[in-house]
2 protein chains.
Amino acid sequence: MNLLTRNTDYAVRALIHMAGKAPERVSARDLERDLELPRPFMRKTLQALQKSGYLASAKGKNGGFTLVLPVEKIRLADLIALFQGPVSMGDCLFRKKLCECVKTCPLRREIKQIEAMALAHLRGVTIASLMKR
Amino acid sequence: MNLLTRNTDYAVRALIHMAGKAPERVSARDLERDLELPRPFMRKTLQALQKSGYLASAKGKNGGFTLVLPVEKIRLADLIALFQGPVSMGDCLFRKKLCECVKTCPLRREIKQIEAMALAHLRGVTIASLMKR
DNA sequence: TTTAAATGATACCATTAAGGTGTCATTTGT
DNA sequence: ACAAATGACACCTTAATGGTATCATTTAAA
Ligand code: FES
Ligand code: FES
């Protein structure tokens, strides 16, 4: 089924770790050392988080990233949307040129219902809630 | 998110169509004509359904497939399992060599919960229920 | 009895997405 | 000056998905 990609997973781990260290700055190198995640990949992930306003970045020596949003405001649903596209997709189950059956498609309704349930649940999960374990 | 693959989608459409035609035999060629699905791909799908006991096959001229199970017994959850692997996976979110964090993984619990909800829902969806529309 | 139409089995191919690496420019504290 | 960091991209590799093709075998019907 695979609801998550590594991108999202890494982002969550990084954010949790950074929340623990805050307000200290954390660099990609730090994360590689502490969480054993591949650094170059992390960098892409962190940059994405920065562009989306989750993180602030500081260049130069002793640079790195810091959390901007409070952990209660960072929703798993949004991270998934960021790294994997919207949880619930458009009209057709198979995006692109929506297939003819769109009106009669028997599966559409059911799948959309499940997506909605999942989305509701995912919106309730935040970095904060994940840290309470 | 993509809960379905084409395999599963095609299977559902084929099964619904065959239920309508039953007890007539339906060939891959028929499905290509009536549902506009790619024939060679359908054949693979139909063979899989046959091997799993959903369909009976008849070789030779005028051959084809017929439904074996009653439509109320054909669950979407099982079709997904057949074509896409089990809905809910093993211990680790990323199968293969389960990652170290298995004990501490904060996401595991949440995701498994969602999978369970989805699975419950999918078990309630049958070919019969899909036809009532 | 020949032939056409069907499945069984399997191998192959093409496209895409995921996961990951590498490079170069720029910034900045020491 | 220099090392350490991000910004911005361009790659690369692998696996899964979606789809095609081939050959053998079976069977109804002309
Ligand atoms: S698959 Fe496109 S709407 Fe049914
Ligand atoms: S990702 Fe493997 S269990 Fe958390």
# chains A, B, ... in the order shown; residues from 1 in each chain; ligands from 1
$ select_by_dssp --residues "chain A" --states "strand (DSSP E)" --output "list in words"
Leu55, Ala56, Ser57, Ala58, Gly64, Phe65, Thr66 and Leu67 of chain A
$ write_last_selection --atoms "N, CA, C and O atoms" --output "mmCIF file, in the first residue's frame"
data_model
loop_
_atom_site.group_PDB
_atom_site.id
_atom_site.type_symbol
_atom_site.label_atom_id
_atom_site.label_comp_id
_atom_site.auth_asym_id
_atom_site.auth_seq_id
_atom_site.Cartn_x
_atom_site.Cartn_y
_atom_site.Cartn_z
ATOM 1 N N LEU A 55 10.970 25.522 7.583
ATOM 2 C CA LEU A 55 12.289 25.750 8.167
ATOM 3 C C LEU A 55 12.845 27.097 7.722
ATOM 4 O O LEU A 55 12.529 27.578 6.632
ATOM 5 N N ALA A 56 13.706 27.664 8.571
ATOM 6 C CA ALA A 56 14.520 28.802 8.162
ATOM 7 C C ALA A 56 15.929 28.290 7.964
ATOM 8 O O ALA A 56 16.367 27.380 8.668
ATOM 9 N N SER A 57 16.623 28.868 7.002
ATOM 10 C CA SER A 57 17.966 28.372 6.734
ATOM 11 C C SER A 57 18.980 29.479 6.953
ATOM 12 O O SER A 57 18.691 30.657 6.780
ATOM 13 N N ALA A 58 20.181 29.085 7.323
ATOM 14 C CA ALA A 58 21.285 30.021 7.461
ATOM 15 C C ALA A 58 22.458 29.469 6.680
ATOM 16 O O ALA A 58 22.867 28.328 6.899
ATOM 17 N N GLY A 64 22.774 26.203 8.843
ATOM 18 C CA GLY A 64 21.900 25.060 9.060
ATOM 19 C C GLY A 64 20.458 25.493 9.049
ATOM 20 O O GLY A 64 20.114 26.564 8.542
ATOM 21 N N PHE A 65 19.630 24.674 9.632
ATOM 22 C CA PHE A 65 18.192 24.940 9.597
ATOM 23 C C PHE A 65 17.621 25.013 10.999
ATOM 24 O O PHE A 65 18.118 24.382 11.933
ATOM 25 N N THR A 66 16.581 25.804 11.109
ATOM 26 C CA THR A 66 15.843 25.848 12.368
ATOM 27 C C THR A 66 14.356 25.807 12.083
ATOM 28 O O THR A 66 13.900 26.251 11.030
ATOM 29 N N LEU A 67 13.622 25.288 13.028
ATOM 30 C CA LEU A 67 12.173 25.211 12.900
ATOM 31 C C LEU A 67 11.570 26.597 12.924
ATOM 32 O O LEU A 67 11.982 27.447 13.712
#
$ interface_residues --of "chain A" --to "chain B" --cutoff "7 Å" --atoms "only C-alpha atoms" --output "list in words"
Met1, Leu3, Val87, Ser88, Pro106, Ile114, Ala118 and Leu130 of chain A
$ write_last_selection --atoms "C-alpha atoms" --output "compact mmCIF listing (two decimals), in the first residue's frame"
# COMPACT_ATOMS: atom_id res chain seq x y z
CA MET A 1 0.00 0.00 0.00
CA LEU A 3 1.19 5.59 2.16
CA VAL A 87 -3.55 12.89 -0.67
CA SER A 88 -6.84 12.93 -2.46
CA PRO A 106 -17.92 2.22 -9.76
CA ILE A 114 -11.29 5.92 1.88
CA ALA A 118 -7.26 8.75 5.59
CA LEU A 130 4.27 12.12 17.13
$ residues_around --residues "stretch 9-14 of chain C" --least-positions-apart "5" --cutoff "9 Å" --atoms "only C-alpha atoms (C1' of nucleotides)" --output "list in words"
DG18, DG19, DT20, DA21, DT22 and DA24 of chain D
$ write_last_selection --atoms "N, CA and C atoms (P, O5', C5', C4', C3', O3' and C1' of nucleotides)" --output "tab-separated table (two decimals), in the first residue's frame"
chain	number	residue	atom	x	y	z
D	18	DG	P	-0.30	0.34	-13.10
D	18	DG	O5'	-0.02	0.20	-14.66
D	18	DG	C5'	0.56	1.29	-15.34
D	18	DG	C4'	0.80	0.91	-16.76
D	18	DG	C3'	-0.34	0.14	-17.42
D	18	DG	O3'	-0.66	0.77	-18.65
D	18	DG	C1'	1.70	-1.00	-17.73
D	19	DG	P	-1.83	0.16	-19.56
D	19	DG	O5'	-1.02	-0.72	-20.59
D	19	DG	C5'	0.04	-0.12	-21.32
D	19	DG	C4'	0.82	-1.18	-22.06
D	19	DG	C3'	-0.02	-2.13	-22.89
D	19	DG	O3'	0.17	-1.81	-24.25
D	19	DG	C1'	1.83	-3.20	-21.83
D	20	DT	P	-0.49	-2.69	-25.39
D	20	DT	O5'	0.71	-3.65	-25.82
D	20	DT	C5'	1.95	-3.09	-26.17
D	20	DT	C4'	2.91	-4.17	-26.60
D	20	DT	C3'	2.36	-5.12	-27.67
D	20	DT	O3'	3.26	-5.09	-28.76
D	20	DT	C1'	3.33	-6.34	-25.88
D	21	DA	P	2.94	-5.90	-30.08
D	21	DA	O5'	3.68	-7.29	-29.82
D	21	DA	C5'	4.91	-7.27	-29.12
D	21	DA	C4'	5.55	-8.65	-29.18
D	21	DA	C3'	5.00	-9.55	-30.27
D	21	DA	O3'	6.08	-10.26	-30.85
D	21	DA	C1'	4.70	-10.58	-28.16
D	22	DT	P	5.86	-11.19	-32.11
D	22	DT	O5'	6.08	-12.64	-31.48
D	22	DT	C5'	7.16	-12.82	-30.55
D	22	DT	C4'	7.10	-14.20	-29.93
D	22	DT	C3'	6.60	-15.29	-30.88
D	22	DT	O3'	7.54	-16.34	-30.87
D	22	DT	C1'	5.47	-15.40	-28.80
D	24	DA	P	6.23	-23.75	-30.59
D	24	DA	O5'	5.47	-24.67	-29.53
D	24	DA	C5'	5.81	-24.60	-28.14
D	24	DA	C4'	4.61	-24.94	-27.30
D	24	DA	C3'	3.78	-26.11	-27.84
D	24	DA	O3'	3.58	-27.07	-26.82
D	24	DA	C1'	2.39	-24.26	-27.41
$ interface_residues --of "chain C" --to "chain A" --cutoff "12 Å" --atoms "only C-alpha atoms (C1' of nucleotides)" --output "ChimeraX atom specification"
/C:17-23,26-30
$ select_by_dssp --residues "stretch 29-85 of chain B" --states "alpha helix (DSSP H)" --output "ChimeraX atom specification"
/B:29-35,39-51,76-84
$ calpha_fit_and_write --fixed "chain B" --moving "chain A" --output "PDB file with C-alpha atoms, in the first residue's frame"
ATOM      1  CA  MET A   1      -2.023   8.409  -3.076  1.00  0.00           C
ATOM      2  CA  ASN A   2      -3.130   5.825  -5.573  1.00  0.00           C
ATOM      3  CA  LEU A   3      -4.798   3.010  -3.735  1.00  0.00           C
ATOM      4  CA  LEU A   4      -5.447   1.152  -6.960  1.00  0.00           C
ATOM      5  CA  THR A   5      -3.455   0.016  -9.941  1.00  0.00           C
ATOM      6  CA  ARG A   6      -4.841  -0.543 -13.388  1.00  0.00           C
ATOM      7  CA  ASN A   7      -4.617  -4.261 -12.846  1.00  0.00           C
ATOM      8  CA  THR A   8      -7.139  -4.052 -10.061  1.00  0.00           C
ATOM      9  CA  ASP A   9      -9.275  -1.556 -11.873  1.00  0.00           C
ATOM     10  CA  TYR A  10      -9.445  -3.674 -14.999  1.00  0.00           C
ATOM     11  CA  ALA A  11     -10.219  -6.741 -12.944  1.00  0.00           C
ATOM     12  CA  VAL A  12     -13.144  -5.006 -11.312  1.00  0.00           C
ATOM     13  CA  ARG A  13     -14.544  -3.811 -14.596  1.00  0.00           C
ATOM     14  CA  ALA A  14     -14.133  -7.203 -16.150  1.00  0.00           C
ATOM     15  CA  LEU A  15     -15.801  -8.958 -13.253  1.00  0.00           C
ATOM     16  CA  ILE A  16     -18.731  -6.579 -13.275  1.00  0.00           C
ATOM     17  CA  HIS A  17     -19.143  -7.039 -16.980  1.00  0.00           C
ATOM     18  CA  MET A  18     -18.967 -10.788 -16.684  1.00  0.00           C
ATOM     19  CA  ALA A  19     -21.487 -10.799 -13.899  1.00  0.00           C
ATOM     20  CA  GLY A  20     -23.855  -8.990 -16.234  1.00  0.00           C
ATOM     21  CA  LYS A  21     -23.352 -11.537 -19.004  1.00  0.00           C
ATOM     22  CA  ALA A  22     -23.377 -14.631 -16.796  1.00  0.00           C
ATOM     23  CA  PRO A  23     -23.601 -17.509 -17.282  1.00  0.00           C
ATOM     24  CA  GLU A  24     -22.341 -16.721 -20.775  1.00  0.00           C
ATOM     25  CA  ARG A  25     -18.648 -17.187 -21.406  1.00  0.00           C
ATOM     26  CA  VAL A  26     -16.630 -14.057 -21.995  1.00  0.00           C
ATOM     27  CA  SER A  27     -13.307 -13.994 -23.803  1.00  0.00           C
ATOM     28  CA  ALA A  28     -10.492 -11.505 -23.657  1.00  0.00           C
ATOM     29  CA  ARG A  29     -11.536 -10.413 -27.107  1.00  0.00           C
ATOM     30  CA  ASP A  30     -15.028  -9.663 -25.866  1.00  0.00           C
ATOM     31  CA  LEU A  31     -13.687  -7.494 -23.108  1.00  0.00           C
ATOM     32  CA  GLU A  32     -11.460  -5.615 -25.493  1.00  0.00           C
ATOM     33  CA  ARG A  33     -14.446  -4.890 -27.674  1.00  0.00           C
ATOM     34  CA  ASP A  34     -16.963  -4.066 -24.965  1.00  0.00           C
ATOM     35  CA  LEU A  35     -14.819  -2.306 -22.385  1.00  0.00           C
ATOM     36  CA  GLU A  36     -12.022  -1.024 -24.604  1.00  0.00           C
ATOM     37  CA  LEU A  37      -9.299  -2.491 -22.469  1.00  0.00           C
ATOM     38  CA  PRO A  38      -5.971  -3.620 -23.948  1.00  0.00           C
ATOM     39  CA  ARG A  39      -6.371  -7.268 -24.744  1.00  0.00           C
ATOM     40  CA  PRO A  40      -2.918  -8.714 -24.025  1.00  0.00           C
ATOM     41  CA  PHE A  41      -2.858  -7.038 -20.664  1.00  0.00           C
ATOM     42  CA  MET A  42      -6.349  -8.240 -19.876  1.00  0.00           C
ATOM     43  CA  ARG A  43      -5.295 -11.764 -20.619  1.00  0.00           C
ATOM     44  CA  LYS A  44      -2.694 -11.626 -17.908  1.00  0.00           C
ATOM     45  CA  THR A  45      -5.222 -10.204 -15.536  1.00  0.00           C
ATOM     46  CA  LEU A  46      -7.811 -12.829 -16.364  1.00  0.00           C
ATOM     47  CA  GLN A  47      -5.300 -15.608 -15.973  1.00  0.00           C
ATOM     48  CA  ALA A  48      -4.447 -14.319 -12.545  1.00  0.00           C
ATOM     49  CA  LEU A  49      -8.110 -14.290 -11.618  1.00  0.00           C
ATOM     50  CA  GLN A  50      -8.430 -17.817 -12.900  1.00  0.00           C
ATOM     51  CA  LYS A  51      -5.454 -19.066 -10.940  1.00  0.00           C
ATOM     52  CA  SER A  52      -6.877 -17.525  -7.813  1.00  0.00           C
ATOM     53  CA  GLY A  53     -10.184 -19.266  -8.284  1.00  0.00           C
ATOM     54  CA  TYR A  54     -12.358 -16.335  -9.230  1.00  0.00           C
ATOM     55  CA  LEU A  55     -12.820 -17.471 -12.793  1.00  0.00           C
ATOM     56  CA  ALA A  56     -13.109 -20.741 -14.669  1.00  0.00           C
ATOM     57  CA  SER A  57     -11.529 -20.881 -18.072  1.00  0.00           C
ATOM     58  CA  ALA A  58     -12.340 -22.807 -21.218  1.00  0.00           C
ATOM     59  CA  LYS A  59      -9.765 -23.233 -23.909  1.00  0.00           C
ATOM     60  CA  GLY A  60     -10.352 -23.652 -27.576  1.00  0.00           C
ATOM     61  CA  LYS A  61     -12.818 -22.059 -29.904  1.00  0.00           C
ATOM     62  CA  ASN A  62     -15.666 -20.289 -28.129  1.00  0.00           C
ATOM     63  CA  GLY A  63     -13.554 -20.488 -25.047  1.00  0.00           C
ATOM     64  CA  GLY A  64     -13.311 -17.799 -22.452  1.00  0.00           C
ATOM     65  CA  PHE A  65     -13.950 -17.190 -18.809  1.00  0.00           C
ATOM     66  CA  THR A  66     -16.885 -17.494 -16.504  1.00  0.00           C
ATOM     67  CA  LEU A  67     -17.455 -16.379 -12.955  1.00  0.00           C
ATOM     68  CA  VAL A  68     -17.045 -19.020 -10.316  1.00  0.00           C
ATOM     69  CA  LEU A  69     -17.623 -17.157  -7.103  1.00  0.00           C
ATOM     70  CA  PRO A  70     -20.852 -15.319  -6.362  1.00  0.00           C
ATOM     71  CA  VAL A  71     -20.367 -11.598  -6.739  1.00  0.00           C
ATOM     72  CA  GLU A  72     -21.125 -11.026  -3.071  1.00  0.00           C
ATOM     73  CA  LYS A  73     -18.055 -13.025  -2.187  1.00  0.00           C
ATOM     74  CA  ILE A  74     -15.577 -11.112  -4.313  1.00  0.00           C
ATOM     75  CA  ARG A  75     -14.118  -8.454  -2.089  1.00  0.00           C
ATOM     76  CA  LEU A  76     -12.207  -5.471  -3.326  1.00  0.00           C
ATOM     77  CA  ALA A  77      -9.721  -6.023  -0.522  1.00  0.00           C
ATOM     78  CA  ASP A  78      -8.867  -9.430  -1.906  1.00  0.00           C
ATOM     79  CA  LEU A  79      -8.476  -8.196  -5.449  1.00  0.00           C
ATOM     80  CA  ILE A  80      -6.115  -5.517  -4.239  1.00  0.00           C
ATOM     81  CA  ALA A  81      -4.176  -8.098  -2.304  1.00  0.00           C
ATOM     82  CA  LEU A  82      -3.971 -10.233  -5.398  1.00  0.00           C
ATOM     83  CA  PHE A  83      -2.725  -7.572  -7.758  1.00  0.00           C
ATOM     84  CA  GLN A  84      -0.921  -5.206  -5.462  1.00  0.00           C
ATOM     85  CA  GLY A  85       0.158  -7.286  -2.526  1.00  0.00           C
ATOM     86  CA  PRO A  86      -1.309  -7.204   0.963  1.00  0.00           C
ATOM     87  CA  VAL A  87      -3.022  -3.978   1.912  1.00  0.00           C
ATOM     88  CA  SER A  88      -1.353  -3.839   5.263  1.00  0.00           C
ATOM     89  CA  MET A  89       2.257  -4.780   5.148  1.00  0.00           C
ATOM     90  CA  GLY A  90       4.711  -6.259   7.526  1.00  0.00           C
ATOM     91  CA  ASP A  91       6.360  -4.642  10.448  1.00  0.00           C
ATOM     92  CA  CYS A  92       8.364  -2.021   8.701  1.00  0.00           C
ATOM     93  CA  LEU A  93       6.870   0.725   6.623  1.00  0.00           C
ATOM     94  CA  PHE A  94       9.510   0.090   4.030  1.00  0.00           C
ATOM     95  CA  ARG A  95       9.542  -3.650   3.601  1.00  0.00           C
ATOM     96  CA  LYS A  96      12.846  -5.319   2.768  1.00  0.00           C
ATOM     97  CA  LYS A  97      15.299  -5.429   5.614  1.00  0.00           C
ATOM     98  CA  LEU A  98      13.338  -3.783   8.321  1.00  0.00           C
ATOM     99  CA  CYS A  99      14.993  -0.640   9.479  1.00  0.00           C
ATOM    100  CA  GLU A 100      16.484  -0.193  12.922  1.00  0.00           C
ATOM    101  CA  CYS A 101      13.905   2.274  14.077  1.00  0.00           C
ATOM    102  CA  VAL A 102      11.248  -0.377  14.083  1.00  0.00           C
ATOM    103  CA  LYS A 103      10.806  -0.060  17.803  1.00  0.00           C
ATOM    104  CA  THR A 104      10.901   3.686  18.002  1.00  0.00           C
ATOM    105  CA  CYS A 105       9.421   4.539  14.646  1.00  0.00           C
ATOM    106  CA  PRO A 106       6.815   7.159  15.409  1.00  0.00           C
ATOM    107  CA  LEU A 107       4.997   6.816  12.144  1.00  0.00           C
ATOM    108  CA  ARG A 108       4.453   3.121  12.204  1.00  0.00           C
ATOM    109  CA  ARG A 109       1.572   3.172  14.606  1.00  0.00           C
ATOM    110  CA  GLU A 110      -0.306   5.913  12.819  1.00  0.00           C
ATOM    111  CA  ILE A 111       0.105   4.476   9.377  1.00  0.00           C
ATOM    112  CA  LYS A 112      -0.892   1.018  10.484  1.00  0.00           C
ATOM    113  CA  GLN A 113      -4.010   2.484  11.978  1.00  0.00           C
ATOM    114  CA  ILE A 114      -4.964   4.095   8.701  1.00  0.00           C
ATOM    115  CA  GLU A 115      -4.228   0.921   6.817  1.00  0.00           C
ATOM    116  CA  ALA A 116      -6.493  -0.937   9.167  1.00  0.00           C
ATOM    117  CA  MET A 117      -9.314   1.506   8.570  1.00  0.00           C
ATOM    118  CA  ALA A 118      -8.856   1.263   4.843  1.00  0.00           C
ATOM    119  CA  LEU A 119      -8.769  -2.490   4.978  1.00  0.00           C
ATOM    120  CA  ALA A 120     -11.961  -2.649   6.993  1.00  0.00           C
ATOM    121  CA  HIS A 121     -13.682  -0.480   4.452  1.00  0.00           C
ATOM    122  CA  LEU A 122     -12.310  -2.383   1.485  1.00  0.00           C
ATOM    123  CA  ARG A 123     -13.521  -5.651   2.896  1.00  0.00           C
ATOM    124  CA  GLY A 124     -17.040  -4.315   2.810  1.00  0.00           C
ATOM    125  CA  VAL A 125     -16.853  -3.536  -0.886  1.00  0.00           C
ATOM    126  CA  THR A 126     -17.743  -6.401  -3.174  1.00  0.00           C
ATOM    127  CA  ILE A 127     -18.455  -6.741  -6.848  1.00  0.00           C
ATOM    128  CA  ALA A 128     -22.071  -7.057  -5.839  1.00  0.00           C
ATOM    129  CA  SER A 129     -22.052  -3.826  -3.902  1.00  0.00           C
ATOM    130  CA  LEU A 130     -20.335  -2.060  -6.760  1.00  0.00           C
ATOM    131  CA  MET A 131     -22.997  -3.208  -9.172  1.00  0.00           C
ATOM    132  CA  LYS A 132     -25.754  -1.549  -7.168  1.00  0.00           C
ATOM    133  CA  ARG A 133     -25.254   1.862  -8.757  1.00  0.00           C
TER     134      ARG A 133
END
$ interface_residues --of "chain D" --to "chain B" --cutoff "6 Å" --atoms "only C-alpha atoms (C1' of nucleotides)" --output "list of chain:residue names"
D:DT26, D:DT27, D:DA28
$ write_last_selection --atoms "C-alpha atoms (C1' of nucleotides)" --output "mmCIF file, in the first residue's frame"
data_model
loop_
_atom_site.group_PDB
_atom_site.id
_atom_site.type_symbol
_atom_site.label_atom_id
_atom_site.label_comp_id
_atom_site.auth_asym_id
_atom_site.auth_seq_id
_atom_site.Cartn_x
_atom_site.Cartn_y
_atom_site.Cartn_z
ATOM 1 C "C1'" DT D 26 -6.890 -27.051 -26.770
ATOM 2 C "C1'" DT D 27 -11.337 -27.141 -29.021
ATOM 3 C "C1'" DA D 28 -15.455 -26.026 -31.790
#
